[in-house]
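Text of start.cif (mmCIF, C-alpha atoms) as supplied:
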data_entry
loop_
_atom_site.group_PDB
_atom_site.id
_atom_site.type_symbol
_atom_site.label_atom_id
_atom_site.label_comp_id
_atom_site.auth_asym_id
_atom_site.auth_seq_id
_atom_site.Cartn_x
_atom_site.Cartn_y
_atom_site.Cartn_z
ATOM 1 C CA MET A 1 2.021 -28.833 -1.251
ATOM 2 C CA ASN A 2 -0.076 -27.197 1.417
ATOM 3 C CA GLY A 3 -1.838 -24.271 -0.252
ATOM 4 C CA GLY A 4 0.458 -21.698 1.298
ATOM 5 C CA LEU A 5 1.040 -18.753 -1.030
ATOM 6 C CA ASN A 6 4.622 -17.941 -1.922
ATOM 7 C CA PHE A 7 5.855 -14.340 -1.767
ATOM 8 C CA SER A 8 9.366 -14.116 -3.144
ATOM 9 C CA ILE A 9 11.678 -12.579 -5.724
ATOM 10 C CA LEU A 10 11.364 -14.051 -9.204
ATOM 11 C CA ASP A 11 14.315 -16.408 -9.312
ATOM 12 C CA GLY A 12 14.899 -20.111 -8.868
ATOM 13 C CA TRP A 13 11.764 -22.223 -9.027
ATOM 14 C CA TRP A 14 9.445 -19.256 -8.423
ATOM 15 C CA ILE A 15 10.184 -17.612 -11.773
ATOM 16 C CA GLU A 16 9.040 -20.867 -13.404
ATOM 17 C CA GLY A 17 5.951 -21.368 -11.262
ATOM 18 C CA TYR A 18 4.586 -17.853 -10.721
ATOM 19 C CA ASN A 19 1.481 -16.930 -12.747
ATOM 20 C CA GLU A 20 0.300 -13.754 -10.919
ATOM 21 C CA ILE A 21 -2.562 -15.669 -9.233
ATOM 22 C CA ASN A 22 -0.828 -18.515 -7.396
ATOM 23 C CA GLY A 23 1.248 -16.256 -5.162
ATOM 24 C CA PHE A 24 3.006 -12.908 -5.051
ATOM 25 C CA ALA A 25 6.258 -11.563 -6.474
ATOM 26 C CA ILE A 26 8.758 -9.123 -5.051
ATOM 27 C CA GLY A 27 10.023 -6.942 -7.888
ATOM 28 C CA ASN A 28 9.501 -8.011 -11.462
ATOM 29 C CA ASN A 29 11.008 -10.379 -13.972
ATOM 30 C CA ALA A 30 13.021 -7.630 -15.669
ATOM 31 C CA GLU A 31 14.739 -6.797 -12.369
ATOM 32 C CA ALA A 32 15.536 -10.449 -11.694
ATOM 33 C CA THR A 33 17.088 -11.075 -15.102
ATOM 34 C CA SER A 34 18.845 -7.727 -15.544
ATOM 35 C CA ASN A 35 20.860 -8.013 -12.350
ATOM 36 C CA THR A 36 22.695 -11.195 -13.290
ATOM 37 C CA SER A 37 25.775 -9.557 -14.762
ATOM 38 C CA SER A 38 29.105 -9.895 -13.012
ATOM 39 C CA GLY A 39 29.582 -6.121 -13.063
ATOM 40 C CA GLU A 40 27.380 -5.475 -10.052
ATOM 41 C CA ASN A 41 28.640 -3.022 -7.507
ATOM 42 C CA ASP A 42 27.516 -1.859 -4.077
ATOM 43 C CA ALA A 43 25.595 1.105 -5.521
ATOM 44 C CA ASP A 44 23.659 -1.189 -7.888
ATOM 45 C CA ASN A 45 22.907 -3.547 -5.012
ATOM 46 C CA ALA A 46 21.704 -0.676 -2.820
ATOM 47 C CA VAL A 47 19.349 0.511 -5.551
ATOM 48 C CA MET A 48 17.999 -3.001 -6.066
ATOM 49 C CA ASP A 49 17.563 -3.458 -2.303
ATOM 50 C CA ALA A 50 15.539 -0.242 -2.119
ATOM 51 C CA GLU A 51 13.408 -1.274 -5.113
ATOM 52 C CA ASP A 52 12.802 -4.730 -3.614
ATOM 53 C CA ALA A 53 11.847 -3.206 -0.256
ATOM 54 C CA GLU A 54 9.393 -0.841 -1.955
ATOM 55 C CA SER A 55 7.893 -3.732 -3.922
ATOM 56 C CA LEU A 56 7.639 -5.891 -0.795
ATOM 57 C CA TYR A 57 5.817 -3.262 1.264
ATOM 58 C CA SER A 58 3.609 -2.185 -1.648
ATOM 59 C CA THR A 59 2.583 -5.775 -2.397
ATOM 60 C CA LEU A 60 1.836 -6.437 1.256
ATOM 61 C CA GLU A 61 -0.250 -3.282 1.609
ATOM 62 C CA ASN A 62 -2.081 -3.361 -1.713
ATOM 63 C CA GLU A 63 -2.434 -7.055 -2.529
ATOM 64 C CA ILE A 64 -1.667 -9.538 0.256
ATOM 65 C CA ILE A 65 -3.341 -7.913 3.252
ATOM 66 C CA PRO A 66 -6.532 -6.950 1.362
ATOM 67 C CA ALA A 67 -6.814 -10.418 -0.213
ATOM 68 C CA PHE A 68 -6.389 -12.116 3.164
ATOM 69 C CA TYR A 69 -8.730 -9.887 5.161
ATOM 70 C CA ASN A 70 -11.443 -9.118 2.576
ATOM 71 C CA ILE A 71 -14.269 -11.384 3.700
ATOM 72 C CA GLY A 72 -16.788 -12.217 0.975
ATOM 73 C CA ASP A 73 -20.467 -13.135 1.149
ATOM 74 C CA SER A 74 -19.451 -16.666 2.073
ATOM 75 C CA GLY A 75 -17.930 -15.384 5.315
ATOM 76 C CA LEU A 76 -14.489 -16.377 4.052
ATOM 77 C CA PRO A 77 -11.639 -14.560 2.270
ATOM 78 C CA ASP A 78 -12.740 -15.665 -1.212
ATOM 79 C CA GLU A 79 -9.863 -14.112 -3.165
ATOM 80 C CA TRP A 80 -7.290 -15.678 -0.840
ATOM 81 C CA ILE A 81 -8.920 -19.089 -1.082
ATOM 82 C CA GLY A 82 -9.054 -18.776 -4.879
ATOM 83 C CA ARG A 83 -5.347 -18.029 -4.933
ATOM 84 C CA MET A 84 -4.660 -21.028 -2.681
ATOM 85 C CA LYS A 85 -6.635 -23.298 -5.005
ATOM 86 C CA ASN A 86 -4.785 -21.900 -8.002
ATOM 87 C CA ALA A 87 -1.451 -22.521 -6.276
ATOM 88 C CA LEU A 88 -2.364 -26.125 -5.521
ATOM 89 C CA THR A 89 -3.637 -26.694 -9.056
ATOM 90 C CA THR A 90 -0.764 -25.067 -10.935
ATOM 91 C CA LEU A 91 2.262 -25.763 -8.723
ATOM 92 C CA THR A 92 1.701 -29.312 -7.499
ATOM 93 C CA PRO A 93 2.129 -31.015 -10.897
ATOM 94 C CA GLN A 94 5.369 -29.098 -11.576
ATOM 95 C CA PHE A 95 7.052 -29.077 -8.181
ATOM 96 C CA SER A 96 5.889 -32.144 -6.242
ATOM 97 C CA SER A 97 8.062 -35.014 -5.069
ATOM 98 C CA ASP A 98 5.876 -37.287 -7.239
ATOM 99 C CA ARG A 99 7.002 -35.392 -10.349
ATOM 100 C CA MET A 100 10.589 -35.386 -9.123
ATOM 101 C CA LEU A 101 10.568 -39.148 -8.591
ATOM 102 C CA SER A 102 9.018 -39.697 -12.029
ATOM 103 C CA ASP A 103 11.775 -37.561 -13.566
ATOM 104 C CA TYR A 104 14.486 -39.559 -11.789
ATOM 105 C CA ILE A 105 12.987 -42.857 -12.901
ATOM 106 C CA GLU A 106 12.487 -41.813 -16.525
ATOM 107 C CA LYS A 107 15.602 -39.686 -17.035
ATOM 108 C CA ILE A 108 18.188 -41.489 -14.936
ATOM 109 C CA TYR A 109 17.291 -45.024 -13.873
ATOM 110 C CA LYS A 110 15.734 -46.164 -17.165
ATOM 111 C CA ARG A 111 18.631 -44.876 -19.284
#
Since I need it in another form, could you write the structure as structure tokens?
Amino acid sequence: MNGGLNFSILDGWWIEGYNEINGFAIGNNAEATSNTSSGENDADNAVMDAEDAESLYSTLENEIIPAFYNIGDSGLPDEWIGRMKNALTTLTPQFSSDRMLSDYIEKIYKR
């Protein structure tokens, strides 16, 4: 882990790790889970693409850029640094190679 903030759709590992402070989401959880049916068509995909694009640009403009460039009394981007610390604190225990190795040892090798 390096403190970099993730900005992604809510699927895969990010839907498990995201807590609204430790990074940024494109779209919302309802969109991610509702579009898993096998009945998708090109029109549905086009709508979802447009919604994701709107979410991406809106999040950049209203959350990411202000958090990164808003310099606090400390002379540093305090909100951004707080988010980085939260990411390190909340994501490292769940998604580190140390945890992965512990899982392999306990769940596979010691069986």
_Using all atoms listed in the file, which protein or nucleic acid residues come within 12 Å of Asn19 in chain A? Drop anything in the same chain fewer than 3 positions from it, and give the result as a PyMOL selection string._
chain A and resi 5-6+10+14-16+22-25+29+83+86-87+89-91
Taken to one decimal, the CA of Lys85 in chain A-CA of Ile105 in chain A distance is 28.8 Å
(Q) Can you pull out the residues contacting Ser55 in chain A? Cut-off 9 Å, using all atoms listed in the file, and skip same-chain residues under 6 positions away; I want them as a list of chain:residue names. (A) A:Ala25, A:Ile26, A:Gly27, A:Asn28
The distance between CA of Gly3 in chain A and CA of Met84 in chain A is 4.9 Å
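Going from CA of Glu79 in chain A to CA of Ala67 in chain A covers 5.6 Å.
Distance check against Asp78 in chain A using all atoms listed in the file: of A:Pro66, A:Ala46, A:Phe7, A:Ser102, the minimum falls on A:Pro66.
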If you take every atom of range 5-17 of chain A that the file lists and fit an axis-aligned box around them with 4 Å extra on each side, what centre and edge lengths come out in Å to one decimal, as lines of an AutoDock Vina configuration file?
center_x = 8.0
center_y = -17.4
center_z = -7.2
size_x = 21.9
size_y = 17.6
size_z = 20.4
Any idea what's packed within 12 Å of Glu51 in chain A, counting all atoms listed in the file, ignoring anything in its chain fewer than 6 positions away? Could you give it as JSON, numbers by chain?
{"A": [9, 26, 27, 28, 31, 32, 44, 45, 57, 58]}
Nearest to Glu20 in chain A, restricted to all atoms listed in the file and choosing among A:Glu63, A:Arg99, A:Val47, A:Pro77, comes out as A:Glu63
(message) My list of candidates is A:Ile71, A:Ser8, A:Leu101, A:Trp80. Which is closest to Thr59 in chain A when distances are computed with only C-alpha atoms?
(response)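 The closest residue to Thr59 in chain A is A:Ser8.
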